[in-house]
$ cat protein_25.csv   # CSV, C-alpha atoms
chain,number,residue,atom,x,y,z
X,1,MET,CA,155.4,179.3,4.9
X,2,GLU,CA,155.3,178.8,1.1
X,3,GLY,CA,151.6,179.8,1.0
X,4,ILE,CA,152.2,183.1,2.8
X,5,ASN,CA,155.1,184.0,0.5
X,6,LYS,CA,152.9,183.2,-2.5
X,7,THR,CA,150.2,185.5,-1.0
X,8,LEU,CA,152.8,188.2,-0.5
X,9,ASP,CA,154.1,187.9,-4.1
X,10,GLU,CA,150.6,188.2,-5.4
X,11,ALA,CA,149.8,191.2,-3.3
X,12,ILE,CA,153.0,192.9,-4.5
X,13,ARG,CA,152.2,192.2,-8.1
X,14,ALA,CA,148.6,193.6,-7.5
X,15,LYS,CA,150.0,196.5,-5.5
X,16,ASP,CA,147.6,195.5,-2.7
X,17,ILE,CA,149.2,197.5,0.1
X,18,GLU,CA,146.7,196.3,2.7
X,19,GLU,CA,147.5,192.6,2.0
X,20,VAL,CA,151.2,193.4,2.0
X,21,ARG,CA,150.8,194.9,5.4
X,22,ASN,CA,148.8,191.9,6.6
X,23,VAL,CA,151.6,189.5,5.6
X,24,LEU,CA,154.2,191.7,7.2
X,25,THR,CA,152.2,191.9,10.4
X,26,THR,CA,151.9,188.1,10.4
X,27,SER,CA,155.6,187.9,10.1
X,28,MET,CA,155.8,189.6,13.5
X,29,VAL,CA,153.6,187.0,15.0
X,30,GLN,CA,155.7,184.2,13.5
X,31,ASP,CA,159.0,185.9,14.7
X,32,PRO,CA,158.2,188.3,17.5
X,33,GLY,CA,161.8,188.8,18.5
X,34,PHE,CA,162.9,189.6,14.9
X,35,SER,CA,165.7,187.0,15.4
X,36,LYS,CA,164.9,184.7,12.5
X,37,GLY,CA,164.7,187.3,9.8
X,38,VAL,CA,161.2,186.5,8.7
X,39,PHE,CA,160.1,190.1,8.6
X,40,GLU,CA,163.2,191.3,6.9
X,41,GLU,CA,163.1,188.6,4.2
X,42,ARG,CA,159.5,189.4,3.4
X,43,PHE,CA,160.1,193.1,3.4
X,44,LYS,CA,163.0,192.7,0.9
X,45,ARG,CA,160.6,190.8,-1.3
X,46,CYS,CA,158.2,193.8,-1.1
X,47,LEU,CA,160.9,196.2,-2.3
X,48,ILE,CA,161.2,194.4,-5.6
X,49,GLY,CA,157.8,195.7,-6.7
X,50,LEU,CA,157.0,198.5,-4.2
X,51,SER,CA,158.8,201.4,-2.5
X,52,GLU,CA,159.0,202.1,1.2
X,53,THR,CA,156.8,205.2,0.7
X,54,ASN,CA,154.1,202.9,-0.8
X,55,ILE,CA,154.2,200.5,2.2
X,56,PHE,CA,154.7,202.9,5.2
X,57,ASP,CA,152.6,205.7,6.5
X,58,PRO,CA,154.0,208.8,8.1
X,59,PHE,CA,154.4,208.5,11.8
X,60,ASP,CA,151.4,209.9,13.7
X,61,GLY,CA,153.5,211.3,16.4
X,62,GLU,CA,151.8,209.4,19.2
X,63,PRO,CA,154.4,208.9,22.0
X,64,LEU,CA,156.0,205.5,22.3
X,65,ASN,CA,156.8,204.1,25.7
X,66,LEU,CA,160.7,203.9,25.8
X,67,ASN,CA,160.7,202.6,29.4
X,68,GLN,CA,161.9,199.0,28.9
X,69,SER,CA,160.7,198.0,32.3
X,70,ALA,CA,157.1,198.6,31.2
X,71,TRP,CA,157.5,196.4,28.1
X,72,THR,CA,155.4,193.3,28.5
X,73,LYS,CA,153.8,190.8,26.1
X,74,ASP,CA,150.5,192.7,26.4
X,75,TYR,CA,152.3,195.9,25.5
X,76,TYR,CA,153.9,194.2,22.5
X,77,ALA,CA,150.5,193.0,21.4
X,78,ALA,CA,149.0,196.5,21.8
X,79,GLN,CA,151.8,198.0,19.8
X,80,GLN,CA,151.2,195.5,17.0
X,81,THR,CA,147.6,196.7,16.9
X,82,GLU,CA,148.7,200.3,16.9
X,83,PHE,CA,151.1,199.5,14.1
X,84,ARG,CA,148.2,198.3,11.9
X,85,TYR,CA,146.6,201.8,12.4
X,86,ASN,CA,149.8,203.7,11.8
X,87,PHE,CA,152.0,201.5,9.6
X,88,SER,CA,155.1,203.7,10.1
X,89,LEU,CA,158.8,203.1,10.2
X,90,GLU,CA,159.0,204.6,13.6
X,91,ARG,CA,156.5,202.2,15.0
X,92,LEU,CA,158.2,199.3,13.3
X,93,GLU,CA,161.5,200.2,14.8
X,94,HIS,CA,159.9,200.5,18.2
X,95,LEU,CA,158.3,197.0,17.8
X,96,LYS,CA,161.7,195.6,16.9
X,97,LYS,CA,163.2,197.0,20.1
X,98,VAL,CA,160.4,195.7,22.2
X,99,GLY,CA,160.3,192.3,20.4
X,100,ARG,CA,164.0,191.8,20.7
X,101,LYS,CA,163.9,192.5,24.5
X,102,LEU,CA,160.9,190.3,25.2
X,103,PHE,CA,161.6,187.5,22.7
X,104,PRO,CA,165.4,187.1,22.5
X,105,SER,CA,166.7,184.6,19.9
X,106,ALA,CA,167.3,181.9,22.6
X,107,ALA,CA,163.6,181.8,23.4
X,108,PRO,CA,161.5,179.1,21.8
X,109,ARG,CA,159.5,180.2,18.9
X,110,PRO,CA,155.7,180.6,19.0
X,111,PHE,CA,153.6,177.7,17.8
X,112,LEU,CA,153.7,177.5,14.0
X,113,PRO,CA,152.1,174.8,11.8
X,114,ASP,CA,155.6,173.9,10.3
X,115,ASP,CA,157.2,173.8,13.8
X,116,GLU,CA,158.6,170.2,14.2
X,117,GLU,CA,158.2,170.3,18.0
X,118,ALA,CA,154.6,171.3,17.6
X,119,LYS,CA,154.0,168.5,15.1
X,120,LYS,CA,155.4,166.0,17.6
X,121,LYS,CA,153.2,167.3,20.3
X,122,THR,CA,150.0,167.2,18.2
X,123,THR,CA,150.8,163.8,16.8
X,124,GLY,CA,151.9,162.3,20.1
X,125,GLU,CA,155.5,161.6,18.9
X,126,GLU,CA,157.1,163.5,21.8
X,127,ASN,CA,158.2,161.6,24.8
X,128,ASN,CA,157.1,163.0,28.1
X,129,ARG,CA,159.7,165.1,29.9
X,130,PRO,CA,160.7,164.2,33.4
X,131,GLY,CA,158.1,165.4,35.8
X,132,GLN,CA,155.4,165.5,33.1
X,133,GLY,CA,152.9,162.8,33.1
X,134,PRO,CA,150.3,162.2,30.5
X,135,GLY,CA,148.0,165.1,30.1
X,136,GLU,CA,150.5,167.4,31.7
X,137,GLN,CA,152.1,168.7,28.5
X,138,LYS,CA,153.8,172.1,28.8
X,139,GLU,CA,151.7,174.8,27.0
X,140,ASP,CA,153.8,176.4,24.3
X,141,PHE,CA,151.1,178.7,22.8
X,142,PRO,CA,151.7,182.2,23.9
X,143,LYS,CA,148.6,183.7,25.4
X,144,TRP,CA,149.5,187.2,24.1
X,145,LEU,CA,148.8,186.0,20.5
X,146,ILE,CA,145.1,185.9,21.3
X,147,PRO,CA,144.5,189.7,21.4
X,148,VAL,CA,146.8,190.1,18.5
X,149,GLY,CA,144.7,187.7,16.4
X,150,ILE,CA,141.5,189.3,17.5
X,151,GLY,CA,142.8,192.8,16.7
X,152,ALA,CA,144.0,191.7,13.3
X,153,ALA,CA,140.7,190.0,12.6
X,154,ALA,CA,138.8,193.1,13.7
X,155,LEU,CA,140.9,195.3,11.5
X,156,ILE,CA,140.4,193.1,8.5
X,157,LEU,CA,136.7,193.0,9.1
X,158,LEU,CA,136.6,196.8,9.3
X,159,TRP,CA,138.6,197.1,6.2
X,160,VAL,CA,136.3,194.7,4.3
X,161,LEU,CA,133.2,196.5,5.6
X,162,PHE,CA,134.3,200.1,5.2
X,163,GLY,CA,137.4,199.9,3.0
$ encode --input "protein_25.csv" --output "structure tokens"
Amino acid sequence: MEGINKTLDEAIRAKDIEEVRNVLTTSMVQDPGFSKGVFEERFKRCLIGLSETNIFDPFDGEPLNLNQSAWTKDYYAAQQTEFRYNFSLERLEHLKKVGRKLFPSAAPRPFLPDDEEAKKKTTGEENNRPGQGPGEQKEDFPKWLIPVGIGAAALILLWVLFG
């Protein structure tokens, strides 16, 4: 995560708000339950060179679904995309509530390059668990990350083309 923090520091120095937002959004993918403090740590870094009013937009007023029984991984992914369009404190707080409900701190974290368990699986160092034969490894990659990644890539492309 050293590289992403360096990217964030450079974006803060350059006052590149879009890049700051990209890094903060990435933090939500790395820690969707907001249990590891990834977002908060990076946000505090931002406040050294930027103000909240620089980083956040006013809330667009679009209703947020407060019905917790309707909160799913797909809903979380959709809200992350909406957050990119309206980078507001209200949407952030809503994402935190949804993320904490869907991804409590006891849940395994999503696949990250520096994740020791992921390294073991990709290098073959992990022993098979009981009931898992060769080729039957448990899939740890959350499928809801796919639309988030596609949405983020589309937003970046639109920003590059029309920004």
$ residues_around --input "protein_25.csv" --residues "Asp31 (chain X)" --least-positions-apart "4" --cutoff "9 Å" --atoms "only C-alpha atoms" --output "count of residues only"
11
$ atom_distance --input "protein_25.csv" --atom1 "CA of His94 (chain X)" --atom2 "CA of Leu8 (chain X)"
23.5 Å
$ closest_residue --input "protein_25.csv" --among "X:Ala11, X:Tyr75, X:Asn86, X:Phe34" --to "Leu50 (chain X)" --atoms "all atoms listed in the file"
X:Ala11
$ closest_residue --input "protein_25.csv" --among "X:Pro32, X:Ser69, X:Thr53, X:Ile4" --to "Ser105 (chain X)" --atoms "all atoms listed in the file"
X:Pro32
$ atom_distance --input "protein_25.csv" --atom1 "CA of Tyr76 (chain X)" --atom2 "CA of Leu102 (chain X)"
8.5 Å
$ atom_distance --input "protein_25.csv" --atom1 "CA of Glu82 (chain X)" --atom2 "CA of Glu2 (chain X)"
27.5 Å
$ closest_residue --input "protein_25.csv" --among "X:Gln80, X:Leu24, X:Leu95, X:Ala14" --to "Gln68 (chain X)" --atoms "all atoms listed in the file"
X:Leu95
$ closest_residue --input "protein_25.csv" --among "X:Val20, X:Val98, X:Asp9, X:Leu92" --to "Asp74 (chain X)" --atoms "only C-alpha atoms"
X:Val98
